[in-house]
Amino acid sequence: MKPGIFIDRDGTLIREVNYLHKPDQVILISGMSEAIKRANEIGIPVIVISNQSGVGRGFFTLEDVFRVHRHIDEVLLDSGAFITGWFVCPHLPPAGKSPISDCSCRKPKPGLFLEAAGIHGIDLFKSVMVGDKSIDIEAGKALSMQTGLVETGYGRKTLAESELFKPDFVFTTASVALHFFLDQYEKLLN
Ligand SMILES: [Mg+2]
Ligand SMILES: [Zn+2]
């Protein structure tokens with residue numbers, strides 16, 4: 001089984017916009033196309049794991065989320081890059097009004113990571129998780145992945161606030177993170 005690169009969407013792959021749900025709100029974090037393309041070329045899956053509670057709150061639909069993802073796919077494809085798999089939790093946070101919404105897929109829970117690993121043949125122990133929030137780091141750590149916190153999105157706030165979690169690495173952007181981890185993988189492969 002191969003290693004995988006797991007990344008968060010909002011504030012990590014694309015610029016943070018509160019409850020983003022339209023393609024024209026999408027701005028890729030700089031360098032992401034090139035970094036993802038490099039992963040694609042050496043056969044390392046790039047998996048996006050995203051909490052989209054705006055769906056559960058009724059702010060937008062799952063179809064809106066998919067439309068945004070198709071748009072990102074098109075933008076990446078212009079550079080010859082692609083996301084291996086998109087995985088979304090559309091549910092409310094467990095502290096939300098409805099106790100029914102306590103799902104098993106909302107980060108930091110491992111549901112979507114395990115699903116993605118099964119579908120794409122990924123060894124989580126060899127994998128990394130990159131994100132801008134403590135839930136991203138917690139999720140990665142819970143699955144014994146290497147973790148990278150980015151300074152984009154909520155990253156700086158996350159760094160300043162939390163003593164409860166410790167990412168393995170801090171990166172200015174996710175593209176820097178991807179190149180760092182891809183350097184590691186290439187050394188292992190060679
Ligand atoms: Mg985020
Ligand atoms: Zn969920």
# chains A, B, ... in the order shown; residues from 1 in each chain; ligands from 1
>>> residues_near_ligand(ligand="ligand 1", cutoff="10 Å", atoms="only C-alpha atoms and all ligand atoms", output="count of residues only")
26
>>> residues_near_ligand(ligand="ligand 2", cutoff="12 Å", atoms="only C-alpha atoms and all ligand atoms", output="PDB file with C-alpha atoms, in the first residue's frame")
ATOM      1  CA  ILE A  49     -11.042  15.820   3.424  1.00  0.00           C
ATOM      2  CA  SER A  50     -13.501  18.634   4.094  1.00  0.00           C
ATOM      3  CA  ASN A  51     -16.115  19.420   6.740  1.00  0.00           C
ATOM      4  CA  GLN A  52     -18.989  21.268   5.068  1.00  0.00           C
ATOM      5  CA  SER A  53     -21.476  21.902   7.848  1.00  0.00           C
ATOM      6  CA  GLY A  54     -23.071  24.609   5.689  1.00  0.00           C
ATOM      7  CA  VAL A  55     -24.938  21.714   4.039  1.00  0.00           C
ATOM      8  CA  GLY A  56     -26.300  20.455   7.366  1.00  0.00           C
ATOM      9  CA  PHE A  87     -14.361  13.400   0.676  1.00  0.00           C
ATOM     10  CA  VAL A  88     -16.946  15.593   2.384  1.00  0.00           C
ATOM     11  CA  CYS A  89     -18.775  15.541   5.703  1.00  0.00           C
ATOM     12  CA  PRO A  90     -22.024  17.496   5.193  1.00  0.00           C
ATOM     13  CA  HIS A  91     -23.204  17.136   8.790  1.00  0.00           C
ATOM     14  CA  LEU A  92     -23.487  19.522  11.711  1.00  0.00           C
ATOM     15  CA  PRO A  93     -20.867  19.625  14.461  1.00  0.00           C
ATOM     16  CA  PRO A  94     -21.706  17.358  17.404  1.00  0.00           C
ATOM     17  CA  ILE A 100     -28.792  13.190  15.457  1.00  0.00           C
ATOM     18  CA  SER A 101     -26.051  14.989  13.569  1.00  0.00           C
ATOM     19  CA  ASP A 102     -23.290  13.337  15.564  1.00  0.00           C
ATOM     20  CA  CYS A 103     -21.832  11.547  12.561  1.00  0.00           C
ATOM     21  CA  SER A 104     -18.681   9.469  12.237  1.00  0.00           C
ATOM     22  CA  CYS A 105     -17.238  11.434   9.320  1.00  0.00           C
ATOM     23  CA  ARG A 106     -16.731  14.968  10.602  1.00  0.00           C
ATOM     24  CA  LYS A 107     -13.074  15.768  11.283  1.00  0.00           C
ATOM     25  CA  PRO A 108     -11.399  15.124  13.691  1.00  0.00           C
ATOM     26  CA  LYS A 109     -13.233  11.795  13.430  1.00  0.00           C
ATOM     27  CA  PRO A 110     -11.488   9.267  11.198  1.00  0.00           C
ATOM     28  CA  GLY A 111     -14.444   8.126   9.040  1.00  0.00           C
ATOM     29  CA  LEU A 112     -13.536   9.848   5.787  1.00  0.00           C
ATOM     30  CA  PHE A 113      -9.829   9.055   6.132  1.00  0.00           C
TER      31      PHE A 113
END
>>> residues_around(residues="stretch 73-81 of chain A", least_positions_apart="2", cutoff="10 Å", atoms="only C-alpha atoms", output="list of chain:residue names")
A:Val26, A:Ile27, A:Leu28, A:Met32, A:Ser33, A:Glu34, A:Ala35, A:Ile36, A:Lys37, A:Arg38, A:Ala39, A:Asn40, A:Glu41, A:Arg67, A:Val68, A:His69, A:Arg70, A:His71, A:Ile83, A:Thr84
>>> select_by_dssp(residues="stretch 80-164 of chain A", states="alpha helix (DSSP H)", output="VMD selection string")
chain A and resid 111 to 120 134 to 142 155 to 161
>>> write_last_selection(atoms="C-alpha atoms", output="PDB file, in the first residue's frame")
ATOM      1  CA  GLY A 111     -14.444   8.126   9.040  1.00  0.00           C
ATOM      2  CA  LEU A 112     -13.536   9.848   5.787  1.00  0.00           C
ATOM      3  CA  PHE A 113      -9.829   9.055   6.132  1.00  0.00           C
ATOM      4  CA  LEU A 114     -10.579   5.355   6.553  1.00  0.00           C
ATOM      5  CA  GLU A 115     -12.987   5.403   3.619  1.00  0.00           C
ATOM      6  CA  ALA A 116     -10.446   7.140   1.378  1.00  0.00           C
ATOM      7  CA  ALA A 117      -7.654   4.795   2.466  1.00  0.00           C
ATOM      8  CA  GLY A 118      -9.824   1.780   1.614  1.00  0.00           C
ATOM      9  CA  ILE A 119     -10.873   3.065  -1.789  1.00  0.00           C
ATOM     10  CA  HIS A 120      -7.415   4.239  -2.884  1.00  0.00           C
ATOM     11  CA  SER A 134      -6.631  21.943  15.167  1.00  0.00           C
ATOM     12  CA  ILE A 135      -9.254  19.414  14.015  1.00  0.00           C
ATOM     13  CA  ASP A 136      -7.061  18.672  10.979  1.00  0.00           C
ATOM     14  CA  ILE A 137      -4.027  18.044  13.161  1.00  0.00           C
ATOM     15  CA  GLU A 138      -6.029  16.011  15.698  1.00  0.00           C
ATOM     16  CA  ALA A 139      -7.451  13.839  12.934  1.00  0.00           C
ATOM     17  CA  GLY A 140      -4.008  13.158  11.490  1.00  0.00           C
ATOM     18  CA  LYS A 141      -2.461  12.405  14.863  1.00  0.00           C
ATOM     19  CA  ALA A 142      -5.270  10.055  15.843  1.00  0.00           C
ATOM     20  CA  GLY A 155      -3.558  28.550  10.652  1.00  0.00           C
ATOM     21  CA  ARG A 156      -1.969  31.462  12.488  1.00  0.00           C
ATOM     22  CA  LYS A 157      -4.927  31.725  14.850  1.00  0.00           C
ATOM     23  CA  THR A 158      -4.711  27.981  15.438  1.00  0.00           C
ATOM     24  CA  LEU A 159      -1.005  28.228  16.206  1.00  0.00           C
ATOM     25  CA  ALA A 160      -1.498  31.080  18.640  1.00  0.00           C
ATOM     26  CA  GLU A 161      -4.428  29.535  20.465  1.00  0.00           C
TER      27      GLU A 161
END
>>> closest_residue(among="A:Tyr185, A:Phe171, A:Phe165, A:Phe82", to="A:Val46", atoms="only C-alpha atoms")
A:Phe82
>>> atom_distance(atom1="atom CA of A:Arg57", atom2="atom CA of A:Gln25")
19.5 Å
>>> residues_around(residues="A:Leu124", least_positions_apart="4", cutoff="7 Å", atoms="only C-alpha atoms", output="PyMOL selection string")
chain A and resi 3+117+143+145
>>> write_last_selection(atoms="N, CA and C atoms", output="mmCIF file, in the first residue's frame")
data_model
loop_
_atom_site.group_PDB
_atom_site.id
_atom_site.type_symbol
_atom_site.label_atom_id
_atom_site.label_comp_id
_atom_site.auth_asym_id
_atom_site.auth_seq_id
_atom_site.Cartn_x
_atom_site.Cartn_y
_atom_site.Cartn_z
ATOM 1 N N PRO A 3 1.781 5.507 0.376
ATOM 2 C CA PRO A 3 1.477 6.657 1.227
ATOM 3 C C PRO A 3 0.504 7.584 0.504
ATOM 4 N N ALA A 117 -8.775 5.751 2.441
ATOM 5 C CA ALA A 117 -7.654 4.795 2.466
ATOM 6 C C ALA A 117 -8.082 3.470 1.852
ATOM 7 N N LEU A 143 -4.647 9.066 13.710
ATOM 8 C CA LEU A 143 -4.410 7.971 12.765
ATOM 9 C C LEU A 143 -2.913 7.728 12.551
ATOM 10 N N MET A 145 -0.633 9.646 11.512
ATOM 11 C CA MET A 145 -0.060 10.259 10.318
ATOM 12 C C MET A 145 0.887 11.378 10.748
#
